[in-house]
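Asker: Before anything else, here's the structure in question.
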Amino acid sequence: MTAADTEIDSLLGRKWRKPPMIRRRWLRWAIGLGFVAYLIAAFATIEVNWSRVYEGLDRGGAFVMAFTSPDFTSRGSDIWAGMLESVVMTVAASVVGILISIPIALGAARNIAPLPVYMICRGIIAVSRALQEIIVAILLVAIFGFGPLAGFLTLSFATIGFLSKLLAEDIESMSRAQGEAVRATGSRWAQWINYGVQPQVMPRLIGLSIYRVDINFRESAILGLVGAGGIGATLNTAFDRYEYDTAAAILIIIIAVVMALEYISGIVRARVQ
Amino acid sequence: MLRLDKLTKTYKTGDQALKAVELEIPQGQVVALIGPSGAGKSTLIRCINRLVEPTSGKVWLGDTELTELGAGALRRERRRMGMIFQEYALVERLTVMENVLSGRLGYVGFWRSLTRRFPQKDVDEAFRLLDRVGLVHMADKRADELSGGQRQRVGICRALIQDPALLLVDEPTASLDPKTSRQIMRLICELCAERGLAAIINIHDVALAQMFVARVIGLRAGAVEFDGPPDALTPDVLTTIYGEEDWVATIDKVEDEEDTLDPEAVA
Amino acid sequence: MPVIETPEGPIWRRRTRGQAMARWFGWLLGLAAFLWCWSRISEATTWFFVRDAPRIAGDILGRALPPRWSYIDNLWWPIWDTLNIATLGTIIALILAVPVAFLAARNTTPSALIVRPIALLIIVSTRSINSLIWALLLIAIIGPGVFAGVIAIAIRSIGFCAKLLYEAIEEISATQVEAITATGASRWQVMAYGIVPQIAPAFAGIAVFRWDINIRESTVLGLVGAGGIGLQLQASLNTLAWPQVSLILLVILFAVVLSEWVSAKVRAAII
């Protein structure tokens, strides 16, 4: 702006518009038009069989109605076995995953680990995060055969990527002074970790662990789709047979367990902080 | 112009913030409201424009009784009461101009305000006000890029563009340094004089209040303890409002000080 | 921090005896639970296959490498579908999540007793169920295809986006809202001037974050028949065409890394 522009007389009577977020006009138009063009192309290439959708509305309605009368009993033993297997996989995988994550998180924190260790641990985390649970499960089922072992290994593997990354970030952002103070007393490495690092990251570790248990349970519900154990297989069968009331029952149980876990994790996190 | 009739506010916790406050402010008078923290100063001015709902009592703005109004009528009356806040309360992610123009929201329809198409006379008035407070070159800056004193000037513009009859001012200088505080107080008082506005200014700083206003009201535990000209604020009076302390220095300092700063020079 | 008096003088312990016992008992209980879980997994496992696993893994790896690069020509269309499932699903979810978030946030909900619990129920139920399950359900209802995938991703994302958004709404500065209210602004104007500018950065961040996650999820929706590159993966797995599987996995890996990079860039630009 030049000095003349700030003269009040020259501003009076002039229109005022909010300055646009992107200043260059051509870029603004290019982004806007590009986005619209993409949306049109995307919608145009989706094939929707509307008559099929219309027929499906009845079934959709039937499914929504099934939630008002879920059927817990007629496949009760299948549901119970599936849920138990999901819970078992969740617990075992969470314990193993958390135990392995801790050393990897220490190794992946730049302020603690030497560079070679750091690179290796970050590599493990990157691989674990890039591969999704369901794909890992497919491969592990191919290798180890059907059953909960594949699911257990999948969830443990996924837990490592999730927990190590977040924990390592927490370690990297901890207060240096507290760690240095402990080191200054002449402590060993293990003592330093125990007194200087652990108290600082413990609340976050507990919070993240509980959150991961929650995620593991939710994931365990789909591993059954590829034969890796858990409630997913029962659910899949229920959908295949159009037994909506059984499916509704399973979904209600999953939602209830997740809600309970979130409630517990809220209490625990409030207590450790 | 403004009349409070037995205005009472009791919070849900049982705290009685205002105890049947009676007050009358004529057209164009600027009043400083002093008192210790928790005396009910903020509650008092928020009860006037009903950001806090009073428990009982009446508020007359001209011939209109505010406490009985429905939502729509209350909004129309709020346009006549500009409010200036402690900590400025600008919407930080909007530009200075948008913040000033937000003072016209009560006059402009929803779609016009959503698309930022305010009437030309509002835009002109906004530029004039920004020019008056020396911020016209900042119009398209985002509010969070401004300094404290600058933000409070924008806050003043937002209140004035409402074309109010009354200004409600809540601790305008609480987060400013002494020099800026003085400039802001002078600006508010000058603008009130120019436009013939009445104002109620909540203020912690007794010396500052004495310097600029014609009438001081002392509030203590929700009741009016003092009401008179600034000269009548003796150490004894201050003791009844705030409690025991050596007040002589506070009052003396004011009379000695001479302030020669030009508010236009400081942008 | 108890101090125990003994004949030799006071001894400091971190915990009292009872606390220490309770802690040990807790750990013991946890260990027992874990061992029981492990034994159940072990029972359900055919250990003969597991002992054979290294050989099988080597066998699969040998067949899968090198990937069949020429197969990429069959993948362009599924990749486009996958992108659409993620993007359109995210857009639909955001449109639906905004009102839900405003109804769920304590400071904007019209009724804390009736509307808020309903909004929270929508959030919890859509969030707790994986998009693959939503896809299964939608396929049963409206038939297989990309459309089912879009809707599945959209439903799954509503709860996620609405939860983060309503937390952002609950954290806004109340005085800025108060200041707009004091000008005589209507309810909607207060929304547009006082609340929306404050949550806009959070909203943009959530949108990009969820889009990144949705790219990942949409790559596997095809496993249950909901369109995208997962369909090819399923087909290749069924025919044991391992060179194609390895190529598809590489493509998925590349897409995931790319989307994470894009989302990190965009988020850095916003904040």
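Labels used: A, B, ... for chains in the order of the structure tokens, numbers from 1 for residues in each chain, and numbers from 1 for ligands as shown.
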Among segment 35-251 of chain A, which residues does DSSP mark as alpha helix (DSSP H) when it is run on the backbone? Keep the chain and numbering as in the structure and answer as an MDAnalysis selection string.
Answerer: chainID A and resid 35:45 50:66 76:107 115:130 133:144 148:172 176:184 189:192 198:223 231:240 244:251
Asker: Enumerate as a ChimeraX atom specification the residues belonging to chain B that approach chain C to within 10 Å, with only C-alpha atoms taken into account.
Answerer: /B:46,49-51,71-94,98-99,102-111,113-114,155,158-159,161-162,164,168
Asker: At a cut-off of 7 Å, list the chain A residues touching chain C, using only C-alpha atoms, as a ChimeraX atom specification.
Answerer: /A:42,46,48,52-53,56,59-60,88,91-92,130,143-145,147-149,218,222,239,255,258
Asker: Find the nearest atom pair between each residue of chain B and chain A for residues within 10 Å, count only C-alpha atoms, give distances in Å to one decimal, sort rows by chain and ascending number, and present the table as a Markdown table.
Answerer:
| residue | atom | partner | partner_atom | distance |
| --- | --- | --- | --- | --- |
| B:Leu94 | CA | A:Lys18 | CA | 9.4 |
| B:Thr95 | CA | A:Lys18 | CA | 8.0 |
| B:Met97 | CA | A:Lys18 | CA | 8.2 |
| B:Glu98 | CA | A:Lys18 | CA | 7.6 |
| B:Thr115 | CA | A:Lys18 | CA | 9.1 |
| B:Arg116 | CA | A:Lys18 | CA | 7.0 |
| B:Arg117 | CA | A:Arg17 | CA | 7.4 |
| B:Phe118 | CA | A:Trp16 | CA | 8.4 |
| B:Pro119 | CA | A:Lys15 | CA | 9.1 |
| B:Gln120 | CA | A:Gly13 | CA | 6.7 |
| B:Lys121 | CA | A:Gly13 | CA | 7.7 |
| B:Val123 | CA | A:Trp16 | CA | 6.8 |
| B:Asp124 | CA | A:Leu12 | CA | 5.1 |
| B:Glu125 | CA | A:Leu12 | CA | 8.3 |
| B:Ala126 | CA | A:Leu12 | CA | 9.4 |
| B:Phe127 | CA | A:Ile8 | CA | 7.0 |
| B:Arg128 | CA | A:Ile8 | CA | 6.8 |
| B:Leu129 | CA | A:Ile8 | CA | 9.9 |
| B:Leu130 | CA | A:Ile8 | CA | 9.2 |
| B:Asp131 | CA | A:Ile8 | CA | 6.5 |
| B:Arg132 | CA | A:Ile8 | CA | 9.5 |
| B:Leu135 | CA | A:Thr6 | CA | 9.3 |
| B:Val136 | CA | A:Thr6 | CA | 6.4 |
| B:His137 | CA | A:Thr6 | CA | 5.6 |
| B:Met138 | CA | A:Thr6 | CA | 9.3 |
| B:Ala139 | CA | A:Thr6 | CA | 9.8 |
| B:Asp140 | CA | A:Pro19 | CA | 6.9 |
| B:Lys141 | CA | A:Pro19 | CA | 9.3 |
Asker: Near segment 199-205 of chain A, within 8 Å and counting only C-alpha atoms, which residues show up once chain neighbours fewer than 6 positions away are dropped, as a ChimeraX atom specification?
Answerer: /A:167,170-171,174,269,272-273
Asker: Write to file, as a PDB file, in the first residue's frame, the residues of the selection just made, with N, CA and C atoms.
Answerer:
ATOM      1  N   LEU A 167       4.764 -42.781  21.365  1.00  0.00           N
ATOM      2  CA  LEU A 167       5.576 -42.739  22.582  1.00  0.00           C
ATOM      3  C   LEU A 167       6.930 -42.091  22.300  1.00  0.00           C
ATOM      4  N   ASP A 170       6.598 -38.470  22.278  1.00  0.00           N
ATOM      5  CA  ASP A 170       6.467 -37.939  23.633  1.00  0.00           C
ATOM      6  C   ASP A 170       7.834 -37.874  24.324  1.00  0.00           C
ATOM      7  N   ILE A 171       8.641 -38.918  24.118  1.00  0.00           N
ATOM      8  CA  ILE A 171       9.973 -38.918  24.727  1.00  0.00           C
ATOM      9  C   ILE A 171      10.802 -37.773  24.157  1.00  0.00           C
ATOM     10  N   MET A 174      10.064 -34.438  25.800  1.00  0.00           N
ATOM     11  CA  MET A 174      10.107 -34.317  27.261  1.00  0.00           C
ATOM     12  C   MET A 174      11.141 -33.261  27.684  1.00  0.00           C
ATOM     13  N   ARG A 269      -7.351 -42.091  32.268  1.00  0.00           N
ATOM     14  CA  ARG A 269      -6.511 -40.975  31.848  1.00  0.00           C
ATOM     15  C   ARG A 269      -6.663 -39.785  32.791  1.00  0.00           C
ATOM     16  N   VAL A 272      -4.414 -40.682  35.896  1.00  0.00           N
ATOM     17  CA  VAL A 272      -2.956 -40.687  35.822  1.00  0.00           C
ATOM     18  C   VAL A 272      -2.393 -39.303  35.535  1.00  0.00           C
ATOM     19  N   GLN A 273      -3.255 -38.347  35.144  1.00  0.00           N
ATOM     20  CA  GLN A 273      -2.685 -37.046  34.800  1.00  0.00           C
ATOM     21  C   GLN A 273      -2.623 -36.090  35.988  1.00  0.00           C
TER      22      GLN A 273
END
Asker: Please provide as a count of residues only all residues within 6 Å of segment 198-202 of chain B, with the sequence filter that same-chain residues fewer than 5 positions apart are discarded (counting only C-alpha atoms).
Answerer: 13
Asker: Taking only C-alpha atoms into account, which of A:Ser173, A:Gln178, A:Ser77, A:Ser164 comes nearest Ile100 of chain A?
Answerer: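 Of the candidates, the smallest distance to Ile100 of chain A is held by A:Ser164.
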Asker: Mind checking DSSP for segment 121-267 of chain B and telling me the strand (DSSP E or B) residues as number ranges by chain?
Answerer: B: 142, 166-170, 198-202, 215-220, 223-228
Asker: In Å, rounded to a single decimal, give me how far atom CA of Leu197 of chain B is from atom CA of Ala165 of chain B.
Answerer: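 Computing the Euclidean distance for atom CA of Ala165 of chain B and atom CA of Leu197 of chain B yields 5.4 Å.
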Asker: Could you tell me how far atom CA of Asp205 of chain B sits from atom CA of Pro36 of chain B, in Å to one decimal place?
Answerer: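 We find that atom CA of Pro36 of chain B and atom CA of Asp205 of chain B lie 10.3 Å from each other.
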Asker: Quick check, in Å to one decimal: how far apart do atom CA of Thr180 of chain B and atom CA of Glu194 of chain B lie?
Answerer: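 Computing it gives 20.8 Å between the two atoms.
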Asker: Let me make sure I understand: among B:Leu233, B:Leu61, B:Ala143, B:Ile241, which one has the smallest atom-to-atom distance to Gly218 of chain B if we use only C-alpha atoms?
Answerer: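 Of B:Leu233, B:Leu61, B:Ala143, B:Ile241, the one nearest Gly218 of chain B, counting only C-alpha atoms, is B:Ile241.
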Asker: Near Val208 of chain C, counting only C-alpha atoms, which residues have an atom at most 9 Å away, once you skip same-chain residues fewer than 5 positions from it, shown as a PDB file with N, CA and C atoms, in the first residue's frame?
Answerer:
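Heads up, here's the output in part-v1.pdb:
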ATOM      1  N   THR C  90     -15.116 -38.788   2.112  1.00  0.00           N
ATOM      2  CA  THR C  90     -14.718 -37.773   3.085  1.00  0.00           C
ATOM      3  C   THR C  90     -15.602 -36.540   2.973  1.00  0.00           C
ATOM      4  N   PHE C 203     -11.162 -27.599  11.474  1.00  0.00           N
ATOM      5  CA  PHE C 203     -11.973 -28.294  10.484  1.00  0.00           C
ATOM      6  C   PHE C 203     -11.118 -28.736   9.298  1.00  0.00           C
ATOM      7  N   ILE C 213      -6.556 -41.111   6.153  1.00  0.00           N
ATOM      8  CA  ILE C 213      -6.968 -42.419   6.680  1.00  0.00           C
ATOM      9  C   ILE C 213      -7.875 -43.127   5.679  1.00  0.00           C
ATOM     10  N   VAL C 262       1.001 -35.911   1.402  1.00  0.00           N
ATOM     11  CA  VAL C 262       0.123 -34.805   1.020  1.00  0.00           C
ATOM     12  C   VAL C 262      -0.544 -34.223   2.254  1.00  0.00           C
ATOM     13  N   SER C 263      -1.067 -35.091   3.111  1.00  0.00           N
ATOM     14  CA  SER C 263      -1.812 -34.583   4.260  1.00  0.00           C
ATOM     15  C   SER C 263      -0.885 -33.836   5.208  1.00  0.00           C
ATOM     16  N   ALA C 264       0.351 -34.310   5.371  1.00  0.00           N
ATOM     17  CA  ALA C 264       1.286 -33.601   6.242  1.00  0.00           C
ATOM     18  C   ALA C 264       1.593 -32.219   5.672  1.00  0.00           C
ATOM     19  N   VAL C 266      -0.304 -30.375   3.614  1.00  0.00           N
ATOM     20  CA  VAL C 266      -1.464 -29.490   3.699  1.00  0.00           C
ATOM     21  C   VAL C 266      -1.661 -29.006   5.126  1.00  0.00           C
ATOM     22  N   ARG C 267      -1.489 -29.929   6.091  1.00  0.00           N
ATOM     23  CA  ARG C 267      -1.685 -29.518   7.482  1.00  0.00           C
ATOM     24  C   ARG C 267      -0.648 -28.487   7.906  1.00  0.00           C
TER      25      ARG C 267
END
